[in-house]
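J.: Sharing a structure with you now.
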Amino acid sequence: MNTLTIVEYTQTLGLQAKVASALMAKASTAIKNGALRRLAVLLRENIPALQIDNAKDLDRALAAGLAGPLVDRLKLSPQAIETCAQGCEQLAAMPDVIGEIIGMKQQPSGIRVGQMRVPIGVFGMIFESRPNVTIEAASLSIKSGNACILRGGSEAIESNKALAKLVQQALHDAGLPADAVQLVQTIDREVVGQLIAMPQYVDVIIPRGGKGLIERISRDAKVPVIKHLDGNCHVYVDDPCDMAMAVKVADNAKTSKYSPCNATEGLLVAQGVAAEFLPRIAAIYSAKGVEMRCDPQAHALLATVPGVSSTPATEQDWYEEYLAPIISIKIVAGLAEAIAHINQYSSHHTDAIITRDHMHAQAFLREVDSASVMVNTSTRFADGFEYGLGAEIGISTDKFHARGPVGIEGLTSLKYVVMGDGEVRI
């Protein structure tokens, strides 16, 4: 790296990835699954060593005054590493969709036409903070028969290097090219500009991080981008609802973890259940130190609840992704107003309804324009592991190619295949 310019270095990564992608595309299911299972073993064997490297990143982040939620995203706890290992094993146990032919139909001419699922080729992943993304991206790349170039944030450089080294060891041990997964070894930001402008090597870019990063990549990239900008998720408590369920879900969706993009940021409550529901959930939020920013009606209601305080919400609060112990709360007339509010203010990531009315649930599922729409459960389930995808490369709020958690199929493409028996066009 020291003897190469950034341009030369990035071009080298691209060329190596392109060569490796051809080998990955024809790798057998057994070999790819063997690499994933080997990676799971290596992760578990190296937990103490990984935590030593992770501690270097955590110490540097704390010294730099990085915000609490961002420091939390950096942590590689034994549980987080175990989750990564389980994700690898889950992927290995899943069917291999590569080479699958769908929709084969006989045409009047005699030919049969269908579509085959194939790897995209090379994807570039640009992400911030979370070092576990290195394993999620690498494992999905292996299973889908792709090659990838990973560029993590400078705040997690030591953790990412340690994880990427294990990935390359697993690839090598399985007889696959180590260059199928490459981590950018420098924190120089110029690499990002080069990586997103190499269509001759990179087939798609997947940014995963803050709004500024994703806006920049979407603006400057010369290759297709799979992205989401915000995770402004909502829970709507309907009338009628199971009150105990509503309290449990609204609590979990907000407070189980504040930093993920699937944490709920907006709580909508139907007028008919607000007097009973809001004091109960507000007491829980208050005890956990969650700041409640409310519309005038909710603010007035909570002012009558002993030991609970709230502040008036601004218009900007309805758009906000807090990633912190803050939630916006609004009382709505009913289902129609809740859906209209979500479609206007949400980031189209994940939104949930808590209801006992089947017709209300079906209307919510049809009409809310989000990548994931839920009934009677927490928005915190919106990730690839919980959806049975083994892992996720990101969550897309785009409407083309891939939407919602992007797993194996989101990293593939379909090409037409035609079967004939000597037919010629007349």
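Ordered as shown in the structure tokens, chains take letters A, B, and onward, while each chain numbers its residues from 1 and ligands are numbered from 1 in the order shown.
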What residues in range 42-130 of chain A get the DSSP label alpha helix (DSSP H)? Please answer as a PyMOL selection string.

T.: chain A and resi 42-45+47-63+68-74+78-93

J.: Might you pull out every residue within 9 Å of range 333-350 of chain A, with only C-alpha atoms counted and same-chain residues fewer than 2 positions away left off, and present them as a ChimeraX atom specification?

T.: /A:228-234,236,238-239,261-262,264,266,268-272,318-321,331,352,360,363-364,367-374,379-380,382,395-398,404

J.: Using only C-alpha atoms, which of A:Ala253, A:Ile329, A:Val181, A:Ile135 sits nearest Cys148 in chain A?

T.: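 Of A:Ala253, A:Ile329, A:Val181, A:Ile135, the one nearest Cys148 in chain A is A:Val181, counting only C-alpha atoms.
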
J.: Determine the nearest neighbour of Ala402 in chain A from the options A:Gly153, A:Pro224, A:Gly114, A:Pro199, counting only C-alpha atoms.

T.: A:Pro224

J.: Under the rule that only C-alpha atoms are counted, which of A:Pro207, A:Ile111, A:Asn146, A:His401 is the nearest residue to Pro177 in chain A?

T.: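 Result for the nearest residue to Pro177 in chain A: A:Asn146.
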
J.: Excluding Arg280 in chain A and any residue of its chain fewer than 3 positions from it, enumerate the residues within 12 Å of it, using only C-alpha atoms, and give them as an mmCIF file with all heavy atoms, in the first residue's frame.

T.:
data_model
loop_
_atom_site.group_PDB
_atom_site.id
_atom_site.type_symbol
_atom_site.label_atom_id
_atom_site.label_comp_id
_atom_site.auth_asym_id
_atom_site.auth_seq_id
_atom_site.Cartn_x
_atom_site.Cartn_y
_atom_site.Cartn_z
ATOM 1 N N MET A 243 -54.212 -4.221 25.083
ATOM 2 C CA MET A 243 -53.462 -3.174 25.774
ATOM 3 C C MET A 243 -52.118 -3.679 26.305
ATOM 4 O O MET A 243 -51.093 -3.003 26.172
ATOM 5 C CB MET A 243 -54.307 -2.612 26.918
ATOM 6 C CG MET A 243 -53.790 -1.306 27.496
ATOM 7 S SD MET A 243 -53.696 0.054 26.295
ATOM 8 C CE MET A 243 -55.404 0.181 25.771
ATOM 9 N N ALA A 244 -52.108 -4.868 26.889
ATOM 10 C CA ALA A 244 -50.850 -5.404 27.428
ATOM 11 C C ALA A 244 -49.850 -5.625 26.295
ATOM 12 O O ALA A 244 -48.654 -5.344 26.438
ATOM 13 C CB ALA A 244 -51.106 -6.698 28.189
ATOM 14 N N MET A 245 -50.327 -6.141 25.155
ATOM 15 C CA MET A 245 -49.451 -6.338 24.004
ATOM 16 C C MET A 245 -48.908 -5.007 23.495
ATOM 17 O O MET A 245 -47.716 -4.881 23.192
ATOM 18 C CB MET A 245 -50.206 -7.038 22.866
ATOM 19 C CG MET A 245 -49.384 -7.212 21.590
ATOM 20 S SD MET A 245 -50.393 -7.622 20.149
ATOM 21 C CE MET A 245 -50.941 -9.268 20.594
ATOM 22 N N ALA A 246 -49.762 -4.018 23.418
ATOM 23 C CA ALA A 246 -49.347 -2.717 22.910
ATOM 24 C C ALA A 246 -48.246 -2.108 23.772
ATOM 25 O O ALA A 246 -47.268 -1.564 23.255
ATOM 26 C CB ALA A 246 -50.547 -1.777 22.851
ATOM 27 N N VAL A 247 -48.394 -2.215 25.087
ATOM 28 C CA VAL A 247 -47.378 -1.682 25.995
ATOM 29 C C VAL A 247 -46.065 -2.441 25.824
ATOM 30 O O VAL A 247 -44.982 -1.851 25.724
ATOM 31 C CB VAL A 247 -47.863 -1.756 27.459
ATOM 32 C CG1 VAL A 247 -46.726 -1.411 28.422
ATOM 33 C CG2 VAL A 247 -49.052 -0.815 27.673
ATOM 34 N N LYS A 248 -46.155 -3.768 25.766
ATOM 35 C CA LYS A 248 -44.942 -4.597 25.632
ATOM 36 C C LYS A 248 -44.204 -4.302 24.324
ATOM 37 O O LYS A 248 -42.980 -4.137 24.310
ATOM 38 C CB LYS A 248 -45.329 -6.082 25.701
ATOM 39 C CG LYS A 248 -44.144 -7.036 25.556
ATOM 40 C CD LYS A 248 -44.546 -8.481 25.779
ATOM 41 C CE LYS A 248 -45.403 -9.010 24.644
ATOM 42 N NZ LYS A 248 -45.633 -10.478 24.752
ATOM 43 N N ALA A 250 -44.501 -1.602 22.252
ATOM 44 C CA ALA A 250 -44.017 -0.219 22.160
ATOM 45 C C ALA A 250 -42.774 -0.006 23.025
ATOM 46 O O ALA A 250 -41.880 0.768 22.663
ATOM 47 C CB ALA A 250 -45.118 0.750 22.581
ATOM 48 N N ASP A 251 -42.712 -0.704 24.147
ATOM 49 C CA ASP A 251 -41.527 -0.634 25.002
ATOM 50 C C ASP A 251 -40.328 -1.270 24.291
ATOM 51 O O ASP A 251 -39.266 -0.658 24.148
ATOM 52 C CB ASP A 251 -41.819 -1.354 26.317
ATOM 53 C CG ASP A 251 -40.613 -1.412 27.252
ATOM 54 O OD1 ASP A 251 -39.682 -0.586 27.093
ATOM 55 O OD2 ASP A 251 -40.591 -2.297 28.134
ATOM 56 N N VAL A 273 -57.948 4.874 22.527
ATOM 57 C CA VAL A 273 -57.202 4.115 23.547
ATOM 58 C C VAL A 273 -56.127 4.969 24.226
ATOM 59 O O VAL A 273 -55.414 4.490 25.108
ATOM 60 C CB VAL A 273 -56.536 2.858 22.934
ATOM 61 C CG1 VAL A 273 -57.582 1.910 22.378
ATOM 62 C CG2 VAL A 273 -55.526 3.234 21.861
ATOM 63 N N ALA A 274 -55.998 6.228 23.833
ATOM 64 C CA ALA A 274 -54.897 7.066 24.333
ATOM 65 C C ALA A 274 -54.946 7.251 25.842
ATOM 66 O O ALA A 274 -53.912 7.181 26.524
ATOM 67 C CB ALA A 274 -54.926 8.424 23.632
ATOM 68 N N ALA A 275 -56.143 7.481 26.415
ATOM 69 C CA ALA A 275 -56.248 7.763 27.850
ATOM 70 C C ALA A 275 -55.783 6.586 28.691
ATOM 71 O O ALA A 275 -55.244 6.766 29.794
ATOM 72 C CB ALA A 275 -57.689 8.126 28.202
ATOM 73 N N GLU A 276 -55.968 5.363 28.165
ATOM 74 C CA GLU A 276 -55.520 4.185 28.908
ATOM 75 C C GLU A 276 -54.075 3.820 28.577
ATOM 76 O O GLU A 276 -53.284 3.487 29.467
ATOM 77 C CB GLU A 276 -56.431 2.992 28.601
ATOM 78 C CG GLU A 276 -56.046 1.737 29.379
ATOM 79 C CD GLU A 276 -56.947 0.541 29.071
ATOM 80 O OE1 GLU A 276 -57.905 0.700 28.297
ATOM 81 O OE2 GLU A 276 -56.676 -0.548 29.614
ATOM 82 N N PHE A 277 -53.729 3.901 27.314
ATOM 83 C CA PHE A 277 -52.410 3.421 26.876
ATOM 84 C C PHE A 277 -51.271 4.383 27.213
ATOM 85 O O PHE A 277 -50.223 3.962 27.724
ATOM 86 C CB PHE A 277 -52.429 3.161 25.370
ATOM 87 C CG PHE A 277 -51.064 2.863 24.791
ATOM 88 C CD1 PHE A 277 -50.474 1.616 24.961
ATOM 89 C CD2 PHE A 277 -50.353 3.837 24.102
ATOM 90 C CE1 PHE A 277 -49.213 1.343 24.452
ATOM 91 C CE2 PHE A 277 -49.090 3.574 23.577
ATOM 92 C CZ PHE A 277 -48.531 2.325 23.752
ATOM 93 N N ALA A 283 -45.039 5.905 31.658
ATOM 94 C CA ALA A 283 -44.392 5.558 32.927
ATOM 95 C C ALA A 283 -43.156 4.706 32.687
ATOM 96 O O ALA A 283 -42.114 4.884 33.331
ATOM 97 C CB ALA A 283 -45.386 4.838 33.842
ATOM 98 N N ILE A 284 -43.255 3.774 31.726
ATOM 99 C CA ILE A 284 -42.111 2.925 31.391
ATOM 100 C C ILE A 284 -41.005 3.739 30.738
ATOM 101 O O ILE A 284 -39.828 3.643 31.113
ATOM 102 C CB ILE A 284 -42.558 1.781 30.454
ATOM 103 C CG1 ILE A 284 -43.494 0.834 31.202
ATOM 104 C CG2 ILE A 284 -41.352 1.019 29.901
ATOM 105 C CD1 ILE A 284 -44.150 -0.211 30.314
ATOM 106 N N TYR A 285 -41.366 4.556 29.756
ATOM 107 C CA TYR A 285 -40.368 5.402 29.094
ATOM 108 C C TYR A 285 -39.685 6.323 30.103
ATOM 109 O O TYR A 285 -38.458 6.506 30.075
ATOM 110 C CB TYR A 285 -41.019 6.235 27.988
ATOM 111 C CG TYR A 285 -41.387 5.476 26.739
ATOM 112 C CD1 TYR A 285 -42.309 6.005 25.833
ATOM 113 C CD2 TYR A 285 -40.836 4.229 26.442
ATOM 114 C CE1 TYR A 285 -42.663 5.328 24.672
ATOM 115 C CE2 TYR A 285 -41.181 3.539 25.293
ATOM 116 C CZ TYR A 285 -42.095 4.092 24.404
ATOM 117 O OH TYR A 285 -42.431 3.427 23.256
ATOM 118 N N SER A 286 -40.476 6.911 30.961
ATOM 119 C CA SER A 286 -39.920 7.840 31.947
ATOM 120 C C SER A 286 -38.925 7.139 32.863
ATOM 121 O O SER A 286 -37.841 7.662 33.157
ATOM 122 C CB SER A 286 -41.057 8.462 32.763
ATOM 123 O OG SER A 286 -40.558 9.409 33.676
ATOM 124 N N ALA A 287 -39.269 5.928 33.307
ATOM 125 C CA ALA A 287 -38.386 5.171 34.198
ATOM 126 C C ALA A 287 -37.079 4.809 33.501
ATOM 127 O O ALA A 287 -36.034 4.674 34.149
ATOM 128 C CB ALA A 287 -39.088 3.911 34.678
ATOM 129 N N LEU A 301 -52.312 15.373 27.888
ATOM 130 C CA LEU A 301 -52.692 14.154 28.598
ATOM 131 C C LEU A 301 -51.604 13.721 29.572
ATOM 132 O O LEU A 301 -51.873 13.392 30.736
ATOM 133 C CB LEU A 301 -52.990 13.037 27.593
ATOM 134 C CG LEU A 301 -53.272 11.637 28.163
ATOM 135 C CD1 LEU A 301 -54.457 11.659 29.118
ATOM 136 C CD2 LEU A 301 -53.525 10.642 27.039
ATOM 137 N N LEU A 302 -50.348 13.733 29.117
ATOM 138 C CA LEU A 302 -49.261 13.274 29.976
ATOM 139 C C LEU A 302 -48.972 14.249 31.115
ATOM 140 O O LEU A 302 -48.383 13.858 32.133
ATOM 141 C CB LEU A 302 -47.995 13.031 29.145
ATOM 142 C CG LEU A 302 -48.088 11.849 28.165
ATOM 143 C CD1 LEU A 302 -46.768 11.647 27.432
ATOM 144 C CD2 LEU A 302 -48.489 10.564 28.888
ATOM 145 N N VAL A 305 -50.288 13.009 34.366
ATOM 146 C CA VAL A 305 -49.772 11.744 34.901
ATOM 147 C C VAL A 305 -48.647 12.032 35.894
ATOM 148 O O VAL A 305 -47.627 12.629 35.515
ATOM 149 C CB VAL A 305 -49.259 10.833 33.767
ATOM 150 C CG1 VAL A 305 -48.725 9.524 34.336
ATOM 151 C CG2 VAL A 305 -50.356 10.571 32.752
ATOM 152 N N PRO A 306 -48.797 11.636 37.166
ATOM 153 C CA PRO A 306 -47.753 11.910 38.162
ATOM 154 C C PRO A 306 -46.414 11.278 37.782
ATOM 155 O O PRO A 306 -46.360 10.126 37.322
ATOM 156 C CB PRO A 306 -48.308 11.261 39.440
ATOM 157 C CG PRO A 306 -49.782 11.162 39.217
ATOM 158 C CD PRO A 306 -49.957 10.945 37.754
ATOM 159 N N GLY A 307 -45.330 12.009 37.958
ATOM 160 C CA GLY A 307 -43.987 11.490 37.729
ATOM 161 C C GLY A 307 -43.574 11.384 36.284
ATOM 162 O O GLY A 307 -42.510 10.852 35.971
ATOM 163 N N VAL A 308 -44.393 11.880 35.359
ATOM 164 C CA VAL A 308 -44.094 11.809 33.923
ATOM 165 C C VAL A 308 -44.028 13.217 33.364
ATOM 166 O O VAL A 308 -44.867 14.065 33.669
ATOM 167 C CB VAL A 308 -45.171 11.000 33.176
ATOM 168 C CG1 VAL A 308 -45.001 11.146 31.665
ATOM 169 C CG2 VAL A 308 -45.101 9.536 33.570
#

J.: For each of A:Glu423, A:Glu8, A:Asp383, A:Glu45, take the minimum atom-to-atom distance to Pro405 in chain A, counting only C-alpha atoms, then give the residue where this is smallest.

T.: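 Result for the nearest residue to Pro405 in chain A: A:Asp383.
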
J.: Taking only C-alpha atoms into account, name the residue in A:Val375, A:Leu42, A:Ala27, A:Val97 that is nearest to Ala164 in chain A.

T.: A:Leu42

J.: From the DSSP assignment of the backbone, select every residue of range 125-169 of chain A that is strand (DSSP E), and format the answer as a PyMOL selection string.

T.: chain A and resi 125-127+147-151

J.: Which is closer to Ile196 in chain A than all the others in A:Ile214, A:Leu23, A:Ala40, A:Leu171, using only C-alpha atoms?

T.: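 Answer, going by the shortest atom-to-atom distance: A:Ile214.
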
J.: Calculate how many Å separate CA of Ile126 in chain A from CA of Asn33 in chain A, rounding to one decimal.

T.: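 Computing the Euclidean distance for CA of Ile126 in chain A and CA of Asn33 in chain A yields 25.0 Å.
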
J.: Need to verify the contact set: Glu392 in chain A, 8 Å, only C-alpha atoms, exclusion of same-chain residues closer than 2 positions in sequence. Can you return it as a list in words?

T.: Glu136, Ala137, Leu140, Asp383, Gly384, Phe385, Leu389, Gly390, Gly394, Ile395, Pro405, Val406 and Gly407 of chain A

J.: Write out as a ChimeraX atom specification each polymer residue whose atoms come within 12 Å of Gly68 in chain A, counting only C-alpha atoms; drop sequence neighbours fewer than 2 positions from it.

T.: /A:58,61-62,64-66,70-75,129,257-259,323-325

J.: Output N, CA, C and O atoms of each residue in that selection to a file, as an mmCIF file, in the first residue's frame.

T.:
data_model
loop_
_atom_site.group_PDB
_atom_site.id
_atom_site.type_symbol
_atom_site.label_atom_id
_atom_site.label_comp_id
_atom_site.auth_asym_id
_atom_site.auth_seq_id
_atom_site.Cartn_x
_atom_site.Cartn_y
_atom_site.Cartn_z
ATOM 1 N N LEU A 58 -12.521 0.907 20.596
ATOM 2 C CA LEU A 58 -13.375 1.485 21.627
ATOM 3 C C LEU A 58 -12.633 2.560 22.413
ATOM 4 O O LEU A 58 -13.185 3.638 22.697
ATOM 5 N N ALA A 61 -12.354 5.622 20.302
ATOM 6 C CA ALA A 61 -13.659 6.280 20.158
ATOM 7 C C ALA A 61 -14.023 7.075 21.407
ATOM 8 O O ALA A 61 -14.505 8.206 21.317
ATOM 9 N N LEU A 62 -13.776 6.480 22.562
ATOM 10 C CA LEU A 62 -14.073 7.177 23.819
ATOM 11 C C LEU A 62 -13.195 8.399 23.996
ATOM 12 O O LEU A 62 -13.655 9.461 24.437
ATOM 13 N N ALA A 64 -12.005 10.162 21.684
ATOM 14 C CA ALA A 64 -12.424 11.180 20.698
ATOM 15 C C ALA A 64 -13.779 11.784 21.053
ATOM 16 O O ALA A 64 -14.253 12.680 20.348
ATOM 17 N N GLY A 65 -14.407 11.267 22.105
ATOM 18 C CA GLY A 65 -15.696 11.805 22.520
ATOM 19 C C GLY A 65 -16.854 11.375 21.649
ATOM 20 O O GLY A 65 -17.857 12.085 21.538
ATOM 21 N N LEU A 66 -16.743 10.201 21.033
ATOM 22 C CA LEU A 66 -17.816 9.698 20.172
ATOM 23 C C LEU A 66 -19.077 9.483 21.004
ATOM 24 O O LEU A 66 -19.014 9.049 22.157
ATOM 25 N N LEU A 70 -23.068 5.624 19.184
ATOM 26 C CA LEU A 70 -22.067 5.253 18.177
ATOM 27 C C LEU A 70 -21.008 4.335 18.772
ATOM 28 O O LEU A 70 -20.535 3.413 18.105
ATOM 29 N N VAL A 71 -20.650 4.585 20.036
ATOM 30 C CA VAL A 71 -19.712 3.689 20.719
ATOM 31 C C VAL A 71 -20.344 2.305 20.871
ATOM 32 O O VAL A 71 -19.695 1.276 20.666
ATOM 33 N N ASP A 72 -21.632 2.289 21.185
ATOM 34 C CA ASP A 72 -22.355 1.031 21.344
ATOM 35 C C ASP A 72 -22.316 0.207 20.060
ATOM 36 O O ASP A 72 -22.183 -1.022 20.092
ATOM 37 N N ARG A 73 -22.409 0.879 18.926
ATOM 38 C CA ARG A 73 -22.377 0.184 17.637
ATOM 39 C C ARG A 73 -21.015 -0.456 17.366
ATOM 40 O O ARG A 73 -20.911 -1.384 16.561
ATOM 41 N N LEU A 74 -19.984 0.066 18.009
ATOM 42 C CA LEU A 74 -18.628 -0.432 17.771
ATOM 43 C C LEU A 74 -18.322 -1.731 18.517
ATOM 44 O O LEU A 74 -17.399 -2.447 18.157
ATOM 45 N N LYS A 75 -19.089 -2.019 19.564
ATOM 46 C CA LYS A 75 -18.720 -3.104 20.474
ATOM 47 C C LYS A 75 -18.856 -4.482 19.828
ATOM 48 O O LYS A 75 -19.873 -4.798 19.222
ATOM 49 N N SER A 129 -19.107 2.367 11.589
ATOM 50 C CA SER A 129 -19.276 1.902 12.971
ATOM 51 C C SER A 129 -19.312 0.392 13.154
ATOM 52 O O SER A 129 -18.348 -0.173 13.669
ATOM 53 N N LYS A 257 -32.953 -1.414 22.259
ATOM 54 C CA LYS A 257 -31.668 -0.874 21.821
ATOM 55 C C LYS A 257 -31.973 0.404 21.059
ATOM 56 O O LYS A 257 -32.846 0.415 20.196
ATOM 57 N N TYR A 258 -31.241 1.463 21.381
ATOM 58 C CA TYR A 258 -31.566 2.763 20.778
ATOM 59 C C TYR A 258 -30.857 3.020 19.451
ATOM 60 O O TYR A 258 -31.321 3.813 18.643
ATOM 61 N N SER A 259 -29.726 2.359 19.225
ATOM 62 C CA SER A 259 -28.886 2.738 18.093
ATOM 63 C C SER A 259 -29.243 2.121 16.747
ATOM 64 O O SER A 259 -28.859 2.674 15.722
ATOM 65 N N LEU A 323 -31.993 7.753 17.087
ATOM 66 C CA LEU A 323 -30.932 6.813 17.496
ATOM 67 C C LEU A 323 -30.495 7.100 18.929
ATOM 68 O O LEU A 323 -29.327 7.018 19.285
ATOM 69 N N ALA A 324 -31.454 7.424 19.758
ATOM 70 C CA ALA A 324 -31.194 7.867 21.134
ATOM 71 C C ALA A 324 -32.472 7.652 21.943
ATOM 72 O O ALA A 324 -33.542 7.383 21.381
ATOM 73 N N PRO A 325 -32.408 7.778 23.285
ATOM 74 C CA PRO A 325 -33.610 7.619 24.114
ATOM 75 C C PRO A 325 -34.550 8.822 24.003
ATOM 76 O O PRO A 325 -34.800 9.549 24.966
#

J.: One decimal, in Å: what's the spacing between CA of Ser77 in chain A and CA of Leu39 in chain A?

T.: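 CA of Leu39 in chain A lies 17.2 Å from CA of Ser77 in chain A.
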
J.: Expressed in Å to a single decimal, how great is the separation between CA of Gln200 in chain A and CA of Gly175 in chain A?

T.: 26.3 Å
